[in-house]
$ cat protein10.tsv   # TSV, C-alpha atoms and all ligand atoms
chain	number	residue	atom	x	y	z
Z	1	MET	CA	102.27	97.40	175.01
Z	2	SER	CA	101.23	101.03	175.30
Z	3	ARG	CA	102.05	103.47	172.49
Z	4	PRO	CA	105.74	103.34	171.64
Z	5	ALA	CA	108.00	105.91	173.28
Z	6	VAL	CA	111.12	104.96	171.34
Z	7	GLU	CA	111.36	102.89	168.17
Z	8	LEU	CA	114.62	101.73	166.63
Z	9	VAL	CA	114.38	100.05	163.24
Z	10	GLY	CA	117.44	98.45	161.65
Z	11	ILE	CA	119.82	100.69	163.60
Z	12	THR	CA	123.50	100.14	162.84
Z	13	LYS	CA	126.40	102.28	164.05
Z	14	ARG	CA	129.92	101.88	162.67
Z	15	PHE	CA	133.04	103.63	163.87
Z	16	GLY	CA	135.45	102.90	161.01
Z	17	ASP	CA	135.71	99.10	160.97
Z	18	VAL	CA	134.06	98.67	164.37
Z	19	VAL	CA	130.38	97.74	164.27
Z	20	ALA	CA	129.29	99.12	167.65
Z	21	VAL	CA	125.58	98.46	167.10
Z	22	ASP	CA	124.47	95.87	164.58
Z	23	ASP	CA	121.02	96.04	162.93
Z	24	LEU	CA	119.08	96.64	166.11
Z	25	ASP	CA	115.27	96.58	166.21
Z	26	LEU	CA	113.68	97.67	169.47
Z	27	THR	CA	110.44	99.26	170.61
Z	28	VAL	CA	110.18	100.68	174.12
Z	29	GLY	CA	106.66	101.39	175.39
Z	30	ASP	CA	105.49	104.63	176.94
Z	31	GLY	CA	106.07	104.61	180.69
Z	32	GLU	CA	108.21	101.51	180.57
Z	33	PHE	CA	111.33	100.93	182.66
Z	34	PHE	CA	113.47	99.29	179.99
Z	35	SER	CA	117.03	98.10	180.60
Z	36	LEU	CA	119.73	97.40	178.06
Z	37	LEU	CA	121.93	94.78	179.69
Z	38	GLY	CA	125.22	93.40	178.42
Z	39	PRO	CA	128.97	93.19	178.99
Z	40	SER	CA	131.32	96.13	178.53
Z	41	GLY	CA	131.78	97.05	174.86
Z	42	CYS	CA	128.56	95.43	173.61
Z	43	GLY	CA	127.11	98.72	172.31
Z	44	LYS	CA	124.82	99.88	175.13
Z	45	THR	CA	126.18	103.41	175.46
Z	46	THR	CA	126.30	103.89	171.69
Z	47	THR	CA	122.62	102.88	171.47
Z	48	LEU	CA	121.71	105.35	174.22
Z	49	ARG	CA	123.78	108.14	172.64
Z	50	MET	CA	121.94	107.64	169.34
Z	51	ILE	CA	118.58	107.99	171.11
Z	52	ALA	CA	119.89	111.14	172.84
Z	53	GLY	CA	121.24	112.58	169.59
Z	54	PHE	CA	124.92	112.62	170.60
Z	55	GLU	CA	125.60	110.13	167.79
Z	56	TYR	CA	123.73	109.50	164.56
Z	57	PRO	CA	123.04	106.01	163.20
Z	58	THR	CA	125.01	104.84	160.17
Z	59	GLU	CA	121.85	103.05	159.05
Z	60	GLY	CA	118.27	102.72	160.23
Z	61	THR	CA	115.55	104.95	161.58
Z	62	LEU	CA	114.89	106.18	165.10
Z	63	LYS	CA	111.58	107.61	166.31
Z	64	ILE	CA	110.55	109.15	169.61
Z	65	HIS	CA	106.79	109.25	170.21
Z	66	GLY	CA	106.24	108.58	166.53
Z	67	GLU	CA	108.47	111.36	165.24
Z	68	GLU	CA	111.54	110.53	163.21
Z	69	MET	CA	114.58	112.11	164.85
Z	70	GLY	CA	116.88	112.16	161.79
Z	71	LEU	CA	119.76	114.55	162.46
Z	72	ARG	CA	117.98	116.48	165.18
Z	73	PRO	CA	120.46	117.70	167.84
Z	74	PRO	CA	120.18	116.55	171.50
Z	75	ASN	CA	118.57	119.77	172.79
Z	76	GLU	CA	115.71	119.40	170.31
Z	77	ARG	CA	114.81	115.89	171.42
Z	78	PRO	CA	112.33	115.20	174.27
Z	79	VAL	CA	114.96	113.24	176.19
Z	80	ASN	CA	117.52	113.80	178.93
Z	81	THR	CA	120.49	111.71	179.94
Z	82	VAL	CA	121.90	110.88	183.38
Z	83	PHE	CA	125.49	109.66	183.26
Z	84	GLN	CA	127.56	107.78	185.80
Z	85	SER	CA	129.85	110.76	186.27
Z	86	TYR	CA	127.54	113.61	187.10
Z	87	ALA	CA	129.37	116.89	187.54
Z	88	LEU	CA	127.45	118.99	190.06
Z	89	PHE	CA	128.55	122.60	190.55
Z	90	PRO	CA	130.27	122.44	193.96
Z	91	HIS	CA	129.73	126.09	194.92
Z	92	MET	CA	125.98	126.01	194.16
Z	93	THR	CA	123.21	124.72	196.40
Z	94	VAL	CA	121.19	121.66	195.47
Z	95	ALA	CA	118.29	123.86	194.35
Z	96	ASP	CA	120.57	126.06	192.21
Z	97	ASN	CA	122.18	123.01	190.61
Z	98	VAL	CA	118.73	121.77	189.62
Z	99	ALA	CA	117.55	125.22	188.48
Z	100	PHE	CA	120.65	125.99	186.39
Z	101	GLY	CA	119.49	124.50	183.09
Z	102	LEU	CA	116.12	126.25	183.29
Z	103	GLN	CA	117.80	129.58	184.07
Z	104	MET	CA	120.03	129.18	181.01
Z	105	ARG	CA	116.88	128.66	178.97
Z	106	LYS	CA	115.36	131.83	180.43
Z	107	VAL	CA	112.37	130.09	181.96
Z	108	PRO	CA	110.45	132.58	184.16
Z	109	SER	CA	111.71	132.47	187.74
Z	110	ALA	CA	108.35	131.68	189.36
Z	111	GLU	CA	108.06	128.63	187.11
Z	112	ILE	CA	111.64	127.59	187.86
Z	113	GLU	CA	110.94	127.73	191.57
Z	114	ALA	CA	107.81	125.60	191.24
Z	115	ARG	CA	109.49	123.02	189.01
Z	116	VAL	CA	112.58	122.75	191.22
Z	117	LYS	CA	110.40	122.18	194.28
Z	118	ARG	CA	108.41	119.53	192.49
Z	119	VAL	CA	111.43	117.50	191.35
Z	120	LEU	CA	113.16	117.84	194.69
Z	121	ASP	CA	110.02	116.29	196.18
Z	122	GLN	CA	110.14	113.55	193.57
Z	123	VAL	CA	113.71	112.64	194.48
Z	124	GLN	CA	113.02	113.22	198.19
Z	125	LEU	CA	115.58	115.98	198.63
Z	126	ARG	CA	113.36	118.98	199.38
Z	127	HIS	CA	114.83	119.17	202.89
Z	128	ARG	CA	118.35	119.41	201.41
Z	129	ALA	CA	117.54	122.18	198.89
Z	130	ASP	CA	120.01	124.62	200.49
Z	131	ALA	CA	122.84	122.14	201.02
Z	132	LYS	CA	126.03	122.15	198.95
Z	133	PRO	CA	126.96	118.95	197.08
Z	134	SER	CA	129.89	118.34	199.47
Z	135	GLN	CA	127.40	118.06	202.34
Z	136	LEU	CA	125.52	115.22	200.64
Z	137	SER	CA	126.05	111.47	200.55
Z	138	GLY	CA	126.91	109.74	197.27
Z	139	GLY	CA	123.34	108.55	196.89
Z	140	GLN	CA	121.94	112.02	197.51
Z	141	ARG	CA	124.32	113.51	194.94
Z	142	GLN	CA	123.13	110.96	192.40
Z	143	ARG	CA	119.54	112.02	193.20
Z	144	VAL	CA	120.48	115.65	192.49
Z	145	ALA	CA	121.79	114.52	189.10
Z	146	LEU	CA	118.45	112.78	188.49
Z	147	ALA	CA	116.53	115.89	189.57
Z	148	ARG	CA	118.61	118.01	187.20
Z	149	ALA	CA	117.50	115.79	184.30
Z	150	LEU	CA	113.87	115.43	185.44
Z	151	VAL	CA	113.36	119.17	185.86
Z	152	ASN	CA	113.49	119.48	182.06
Z	153	GLU	CA	110.37	117.29	181.98
Z	154	PRO	CA	111.76	114.88	179.37
Z	155	GLU	CA	109.40	112.35	177.81
Z	156	VAL	CA	112.17	109.79	178.01
Z	157	LEU	CA	114.95	109.63	180.59
Z	158	LEU	CA	118.15	107.88	179.50
Z	159	LEU	CA	120.39	106.53	182.25
Z	160	ASP	CA	123.89	105.24	181.52
Z	161	GLU	CA	125.13	103.08	184.42
Z	162	PRO	CA	124.11	105.82	186.89
Z	163	LEU	CA	124.76	103.67	189.97
Z	164	GLY	CA	128.13	102.31	188.81
Z	165	ALA	CA	130.18	104.53	191.11
Z	166	LEU	CA	128.24	103.71	194.29
Z	167	ASP	CA	129.14	100.95	196.73
Z	168	LEU	CA	127.03	97.80	196.91
Z	169	LYS	CA	124.65	98.63	199.78
Z	170	LEU	CA	123.93	102.09	198.43
Z	171	ARG	CA	123.47	100.71	194.93
Z	172	GLN	CA	120.85	98.27	196.21
Z	173	ASN	CA	118.99	101.06	198.04
Z	174	MET	CA	119.11	103.23	194.94
Z	175	GLN	CA	117.65	100.38	192.85
Z	176	VAL	CA	114.54	100.45	194.99
Z	177	GLU	CA	114.44	104.26	194.94
Z	178	LEU	CA	114.88	104.55	191.19
Z	179	LYS	CA	112.09	102.08	190.53
Z	180	GLU	CA	109.76	103.95	192.90
Z	181	LEU	CA	110.77	107.28	191.38
Z	182	GLN	CA	109.98	105.99	187.91
Z	183	ASN	CA	106.54	104.86	189.12
Z	184	ARG	CA	105.90	108.30	190.61
Z	185	VAL	CA	106.95	110.37	187.60
Z	186	GLY	CA	105.54	107.85	185.11
Z	187	ILE	CA	107.95	108.65	182.29
Z	188	THR	CA	109.85	106.19	180.14
Z	189	PHE	CA	113.24	105.14	181.51
Z	190	ILE	CA	115.87	103.52	179.31
Z	191	TYR	CA	118.52	102.23	181.64
Z	192	VAL	CA	121.92	100.93	180.57
Z	193	THR	CA	123.79	98.53	182.82
Z	194	HIS	CA	126.19	95.58	182.82
Z	195	ASP	CA	124.78	94.54	186.22
Z	196	GLN	CA	122.24	91.74	185.94
Z	197	GLU	CA	120.86	92.34	189.44
Z	198	GLU	CA	120.05	95.98	188.62
Z	199	ALA	CA	118.32	94.93	185.43
Z	200	LEU	CA	116.34	92.14	187.09
Z	201	THR	CA	115.15	94.16	190.09
Z	202	MET	CA	114.11	97.40	188.37
Z	203	SER	CA	112.98	96.68	184.83
Z	204	ASP	CA	109.61	96.06	183.26
Z	205	ARG	CA	111.55	94.55	180.38
Z	206	ILE	CA	115.20	93.83	179.63
Z	207	GLY	CA	117.04	93.69	176.32
Z	208	VAL	CA	120.22	91.60	176.48
Z	209	MET	CA	123.01	92.73	174.13
Z	210	ASP	CA	126.25	91.15	172.98
Z	211	GLU	CA	128.66	92.37	170.30
Z	212	GLY	CA	126.30	95.06	169.04
Z	213	LYS	CA	123.35	92.68	168.70
Z	214	LEU	CA	120.16	92.54	170.70
Z	215	LEU	CA	119.90	88.84	171.59
Z	216	GLN	CA	116.68	88.65	173.58
Z	217	VAL	CA	114.01	90.99	174.93
Z	218	GLY	CA	111.60	90.05	177.70
Z	219	THR	CA	110.42	90.60	181.25
Z	220	PRO	CA	112.99	89.82	183.95
Z	221	GLU	CA	111.20	86.50	184.57
Z	222	GLU	CA	111.20	85.59	180.87
Z	223	ILE	CA	114.90	86.36	180.55
Z	224	TYR	CA	115.90	84.53	183.73
Z	225	GLU	CA	113.58	81.52	183.41
Z	226	GLY	CA	113.60	81.17	179.64
Z	227	PRO	CA	116.95	82.18	178.16
Z	228	ARG	CA	117.04	81.22	174.50
Z	229	SER	CA	120.80	81.27	173.98
Z	230	ARG	CA	123.85	80.06	175.84
Z	231	PHE	CA	125.04	83.67	176.14
Z	232	VAL	CA	121.85	84.95	177.78
Z	233	ALA	CA	121.65	81.92	180.08
Z	234	ASP	CA	125.24	82.36	181.19
Z	235	PHE	CA	125.24	86.17	181.49
Z	236	ILE	CA	122.29	86.28	183.89
Z	237	GLY	CA	122.57	84.40	187.15
Z	238	ASP	CA	124.30	81.10	187.78
Z	239	ILE	CA	123.50	78.27	185.45
Z	240	ASN	CA	124.51	74.73	184.59
Z	241	LEU	CA	125.12	74.23	180.88
Z	242	ILE	CA	125.11	70.59	179.84
Z	243	THR	CA	125.85	69.28	176.35
Z	244	ALA	CA	123.66	66.40	175.20
Z	245	THR	CA	122.53	64.59	172.05
Z	246	VAL	CA	118.86	64.28	171.17
Z	247	SER	CA	117.90	60.60	171.26
Z	248	GLY	CA	114.09	60.75	170.99
Z	249	PRO	CA	111.11	63.10	170.88
Z	250	ASP	CA	111.43	63.85	174.60
Z	251	ARG	CA	114.83	62.39	175.36
Z	252	VAL	CA	118.48	63.29	175.24
Z	253	ARG	CA	121.65	61.31	175.93
Z	254	LEU	CA	124.19	62.91	178.28
Z	255	GLY	CA	127.97	62.63	177.98
Z	256	ASN	CA	128.00	59.79	180.55
Z	257	GLY	CA	125.61	57.74	178.39
Z	258	GLN	CA	122.57	58.26	180.60
Z	259	GLU	CA	119.29	59.09	178.85
Z	260	ILE	CA	117.06	61.68	180.48
Z	261	GLU	CA	113.76	63.35	179.72
Z	262	VAL	CA	113.83	66.81	178.11
Z	263	ARG	CA	110.70	68.29	176.54
Z	264	SER	CA	110.93	68.84	172.76
Z	265	PRO	CA	114.71	69.00	172.57
Z	266	GLY	CA	114.86	69.12	168.74
Z	267	PRO	CA	115.67	66.72	165.86
Z	268	VAL	CA	117.08	63.30	166.84
Z	269	GLY	CA	120.88	63.18	166.54
Z	270	GLU	CA	121.37	66.91	167.08
Z	271	GLU	CA	123.72	68.17	169.74
Z	272	VAL	CA	122.01	70.54	172.17
Z	273	THR	CA	122.85	72.57	175.26
Z	274	LEU	CA	120.64	72.18	178.33
Z	275	ALA	CA	120.43	75.08	180.76
Z	276	LEU	CA	119.45	74.41	184.36
Z	277	ARG	CA	119.39	76.88	187.26
Z	278	PRO	CA	121.16	75.63	190.42
Z	279	GLU	CA	118.08	76.40	192.56
Z	280	ARG	CA	116.00	74.05	190.41
Z	281	LEU	CA	118.21	71.11	191.39
Z	282	GLU	CA	117.73	69.19	194.63
Z	283	LEU	CA	119.96	66.79	196.51
Z	284	TYR	CA	118.70	63.53	198.02
Z	285	ASP	CA	120.25	60.73	200.04
Z	286	LEU	CA	120.69	57.56	197.99
Z	287	ASP	CA	117.95	55.70	199.90
Z	288	GLU	CA	115.53	58.62	200.29
Z	289	PRO	CA	112.19	58.64	198.41
Z	290	MET	CA	112.35	61.02	195.43
Z	291	PRO	CA	109.70	62.58	193.18
Z	292	GLU	CA	108.86	59.85	190.68
Z	293	ASN	CA	108.87	61.74	187.39
Z	294	HIS	CA	111.98	63.74	188.16
Z	295	THR	CA	115.32	63.24	186.46
Z	296	LYS	CA	117.94	61.66	188.75
Z	297	LEU	CA	121.72	61.69	188.43
Z	298	ARG	CA	123.91	59.96	190.95
Z	299	GLY	CA	126.97	61.84	192.12
Z	300	LYS	CA	129.37	62.92	194.80
Z	301	VAL	CA	129.69	66.30	196.53
Z	302	ILE	CA	133.12	67.76	195.69
Z	303	ARG	CA	132.65	71.31	196.95
Z	304	ARG	CA	130.38	73.05	199.41
Z	305	MET	CA	130.05	76.80	199.81
Z	306	TYR	CA	128.10	78.59	202.49
Z	307	TYR	CA	126.34	81.84	201.55
Z	308	GLY	CA	124.37	82.42	204.74
Z	309	ASP	CA	120.93	82.09	203.19
Z	310	ALA	CA	121.95	79.13	201.02
Z	311	TYR	CA	124.51	76.42	200.37
Z	312	PHE	CA	126.05	75.90	196.94
Z	313	TYR	CA	127.27	72.40	196.16
Z	314	ASP	CA	129.36	71.18	193.24
Z	315	VAL	CA	128.35	67.61	192.53
Z	316	GLU	CA	130.48	65.38	190.30
Z	317	VAL	CA	128.08	63.35	188.13
Z	318	GLY	CA	130.43	62.11	185.39
Z	319	LEU	CA	129.77	64.95	182.92
Z	320	ASP	CA	132.22	67.57	181.59
Z	321	HIS	CA	131.54	69.83	184.56
Z	322	PRO	CA	130.22	69.15	188.04
Z	323	LEU	CA	126.61	70.30	188.56
Z	324	GLU	CA	126.07	73.33	190.75
Z	325	VAL	CA	123.18	72.91	193.17
Z	326	LYS	CA	121.71	75.63	195.37
Z	327	GLU	CA	119.90	74.52	198.50
Z	328	GLU	CA	118.20	77.05	200.75
Z	329	ASN	CA	119.49	77.23	204.30
Z	330	ARG	CA	116.39	76.12	206.19
Z	331	PRO	CA	116.07	73.76	209.17
Z	332	ASP	CA	114.11	71.27	207.05
Z	333	VAL	CA	116.67	71.12	204.23
Z	334	GLU	CA	119.40	68.58	204.80
Z	335	THR	CA	123.00	69.64	204.24
Z	336	TYR	CA	125.67	67.48	202.61
Z	337	ASP	CA	129.36	67.11	203.32
Z	338	MET	CA	132.31	66.97	200.98
Z	339	GLY	CA	132.72	63.47	199.55
Z	340	GLU	CA	129.17	62.43	200.33
Z	341	GLU	CA	127.28	60.30	197.77
Z	342	THR	CA	124.03	61.89	196.68
Z	343	VAL	CA	121.40	62.03	193.95
Z	344	VAL	CA	120.82	65.25	191.99
Z	345	CYS	CA	117.18	65.48	191.08
Z	346	TRP	CA	115.11	67.89	188.94
Z	347	ASP	CA	111.75	68.35	187.32
Z	348	PRO	CA	112.16	67.90	183.53
Z	349	ALA	CA	110.12	71.10	183.09
Z	350	ALA	CA	113.02	73.04	184.65
Z	351	VAL	CA	115.29	72.32	181.69
Z	352	ASN	CA	115.75	74.96	178.98
Z	353	VAL	CA	117.22	73.97	175.63
Z	354	VAL	CA	119.36	76.89	174.43
Z	355	THR	CA	121.13	77.69	171.16
Z	356	ASP	CA	124.85	78.38	170.92
Z	401	LIG	P1	129.14	99.61	176.16
Z	401	LIG	O1	128.48	100.88	176.57
Z	401	LIG	O2	128.20	98.46	176.05
Z	401	LIG	O3	130.31	99.28	177.02
Z	401	LIG	P2	129.93	101.11	173.79
Z	401	LIG	O4	128.66	101.45	173.13
Z	401	LIG	O5	130.59	102.16	174.57
Z	401	LIG	O6	129.72	99.79	174.67
Z	401	LIG	O7	130.97	100.61	172.69
Z	401	LIG	C1	130.66	99.63	171.72
Z	401	LIG	C2	131.84	99.46	170.79
Z	401	LIG	O8	132.02	100.63	170.01
Z	401	LIG	C3	133.16	99.21	171.51
Z	401	LIG	O9	133.92	98.33	170.74
Z	401	LIG	C4	133.78	100.60	171.52
Z	401	LIG	O10	135.18	100.50	171.57
Z	401	LIG	C5	133.31	101.17	170.21
Z	401	LIG	N1	133.17	102.63	170.24
Z	401	LIG	C6	132.29	103.34	171.00
Z	401	LIG	N2	132.40	104.66	170.77
Z	401	LIG	C7	133.39	104.82	169.83
Z	401	LIG	C8	133.97	105.93	169.16
Z	401	LIG	N3	133.56	107.19	169.41
Z	401	LIG	N4	134.96	105.69	168.26
Z	401	LIG	C9	135.36	104.43	167.99
Z	401	LIG	N5	134.86	103.34	168.58
Z	401	LIG	C10	133.88	103.51	169.49
Z	402	MG	MG	128.87	102.09	178.27
$ encode --input "protein10.tsv" --output "structure tokens"
Amino acid sequence: MSRPAVELVGITKRFGDVVAVDDLDLTVGDGEFFSLLGPSGCGKTTTLRMIAGFEYPTEGTLKIHGEEMGLRPPNERPVNTVFQSYALFPHMTVADNVAFGLQMRKVPSAEIEARVKRVLDQVQLRHRADAKPSQLSGGQRQRVALARALVNEPEVLLLDEPLGALDLKLRQNMQVELKELQNRVGITFIYVTHDQEEALTMSDRIGVMDEGKLLQVGTPEEIYEGPRSRFVADFIGDINLITATVSGPDRVRLGNGQEIEVRSPGPVGEEVTLALRPERLELYDLDEPMPENHTKLRGKVIRRMYYGDAYFYDVEVGLDHPLEVKEENRPDVETYDMGEETVVCWDPAAVNVVTD
């Protein structure tokens, strides 16, 4: 990792009896797009507000570019925050909205003009500089809010669910835009969201939080492919969670008595949870040739859902829950009907053993 932009060491925040953030250690690299991902109430906003200086930690130390922030107020920190609810001044033009903060700080007007032009280019709104907020789309208004923060030339930009108020299509477009914008300006982004898709598509790394704790930090691929806990596995994407008992060095026994191969599942006799992504499972006809070393479970299709680009099947295999299987919708992939007998098949390498 490059030099750290933000370092949190042993950060705890209590509000009375509520532990909002619990002994959090995190280092975000310079120029990184880092997302804090977790359900509502897990402590994301509180973490961001402590970095911004709107809240102070109960315990722990917080540094930005190597400098301890202590009780420094927000306006003396090299950060800016973009919130979900961005209040633009309705009677001012886009350019004036962006310039406002600099004018308040008595920055010389020639410099203001140059900086406003530059950020409006960065957010691709130069051609709308003279428009009023009411003449803009929701996405454009959100870009003005971004420009207003970027014009201060923060070393770190903090974003708290900034796309939450936009509808799905616009949100997806803005994900691409935000990522490209961050590449262009090259500053550190710390992005808070409860939306796994946003985190997966934009981030260099993701930190998954639950109940004030940081559970796992990694690249989107590491988090999605290698969740270490049941919570992380379940929070991101669809997943099959199967309880099993370790029966050998590379074997576990499922609830239906069948033994299957799982790499290094843990001590013999221990109960473990196996995590398997639906797209890693394949369906075969009973008499079809199947990959030899793959795990095979016989079952029956009890539900089929069509998603356009894929089919999702629930297959009853005699475990606590049916297995969810995702098959791409391609001419060469066979589809299955309700009630059809089938074999669910997977590469043992696709199985992740997760903790509770
Ligand atoms: P998130 O942004 O992940 O939804 P928050 O950081 O807003 O979570 O909140 C984490 C926890 O701290 C929640 O239980 C919330 O109710 C509590 N909390 C946040 N701010 C305050 C506050 N000012 N006073 C009391 N409790 C708070
Ligand atoms: Mg929040």
$ residues_near_ligand --input "protein10.tsv" --ligand "ligand MG 402 (chain Z)" --cutoff "7 Å" --atoms "all atoms listed in the file" --output "VMD selection string"
chain Z and resid 40 to 41 44 to 45 160
$ write_last_selection --input "protein10.tsv" --atoms "C-alpha atoms" --output "CSV table (one decimal), in the frame of the given file"
chain,number,residue,atom,x,y,z
Z,40,SER,CA,131.3,96.1,178.5
Z,41,GLY,CA,131.8,97.0,174.9
Z,44,LYS,CA,124.8,99.9,175.1
Z,45,THR,CA,126.2,103.4,175.5
Z,160,ASP,CA,123.9,105.2,181.5
$ residues_near_ligand --input "protein10.tsv" --ligand "ligand LIG 401 (chain Z)" --cutoff "10 Å" --atoms "only C-alpha atoms and all ligand atoms" --output "ChimeraX atom specification"
/Z:13-21,36-50,55,160-161,192-194,209-212
$ residues_around --input "protein10.tsv" --residues "Arg118 in chain Z" --least-positions-apart "2" --cutoff "12 Å" --atoms "all atoms listed in the file" --output "PyMOL selection string"
chain Z and resi 95+98-99+111-116+120-126+129+147-148+150-153+184-185
$ residues_near_point --input "protein10.tsv" --point "(129.2, 68.2, 197.3)" --cutoff "10 Å" --atoms "all atoms listed in the file" --output "PyMOL selection string"
chain Z and resi 283+299-305+311-316+322-325+335-342
$ residues_around --input "protein10.tsv" --residues "Val217 in chain Z" --least-positions-apart "2" --cutoff "9 Å" --atoms "all atoms listed in the file" --output "ChimeraX atom specification"
/Z:26,205-208,214-215,219,222-223
$ atom_distance --input "protein10.tsv" --atom1 "CA of Glu198 in chain Z" --atom2 "CA of Glu180 in chain Z"
13.7 Å
$ closest_residue --input "protein10.tsv" --among "Z:Pro4, Z:Gly31, Z:Gly218, Z:Pro265" --to "Pro348 in chain Z" --atoms "only C-alpha atoms"
Z:Pro265
$ residues_near_point --input "protein10.tsv" --point "(113.6, 64.6, 197.5)" --cutoff "12 Å" --atoms "only C-alpha atoms" --output "CSV table (one decimal) with C-alpha atoms, in the frame of the given file"
chain,number,residue,atom,x,y,z
Z,281,LEU,CA,118.2,71.1,191.4
Z,282,GLU,CA,117.7,69.2,194.6
Z,283,LEU,CA,120.0,66.8,196.5
Z,284,TYR,CA,118.7,63.5,198.0
Z,285,ASP,CA,120.2,60.7,200.0
Z,286,LEU,CA,120.7,57.6,198.0
Z,287,ASP,CA,118.0,55.7,199.9
Z,288,GLU,CA,115.5,58.6,200.3
Z,289,PRO,CA,112.2,58.6,198.4
Z,290,MET,CA,112.4,61.0,195.4
Z,291,PRO,CA,109.7,62.6,193.2
Z,292,GLU,CA,108.9,59.8,190.7
Z,293,ASN,CA,108.9,61.7,187.4
Z,294,HIS,CA,112.0,63.7,188.2
Z,295,THR,CA,115.3,63.2,186.5
Z,296,LYS,CA,117.9,61.7,188.8
Z,327,GLU,CA,119.9,74.5,198.5
Z,332,ASP,CA,114.1,71.3,207.0
Z,333,VAL,CA,116.7,71.1,204.2
Z,334,GLU,CA,119.4,68.6,204.8
Z,342,THR,CA,124.0,61.9,196.7
Z,343,VAL,CA,121.4,62.0,194.0
Z,344,VAL,CA,120.8,65.2,192.0
Z,345,CYS,CA,117.2,65.5,191.1
Z,346,TRP,CA,115.1,67.9,188.9
Z,347,ASP,CA,111.8,68.4,187.3
$ closest_atom_pairs --input "protein10.tsv" --of "range 121-198 of chain Z" --to "range 60-74 of chain Z" --cutoff "12 Å" --atoms "only C-alpha atoms" --output "Markdown table"
| residue | atom | partner | partner_atom | distance |
| --- | --- | --- | --- | --- |
| Z:Pro154 | CA | Z:Ile64 | CA | 11.4 |
| Z:Glu155 | CA | Z:His65 | CA | 8.6 |
| Z:Val156 | CA | Z:Ile64 | CA | 8.6 |
| Z:Leu157 | CA | Z:Ile64 | CA | 11.8 |
| Z:Leu158 | CA | Z:Pro74 | CA | 12.0 |
| Z:Thr188 | CA | Z:His65 | CA | 10.8 |
$ closest_residue --input "protein10.tsv" --among "Z:Gln142, Z:Thr58, Z:Thr27, Z:Asn240" --to "Gln84 in chain Z" --atoms "only C-alpha atoms"
Z:Gln142
$ atom_distance --input "protein10.tsv" --atom1 "CA of Gln216 in chain Z" --atom2 "CA of Arg228 in chain Z"
7.5 Å
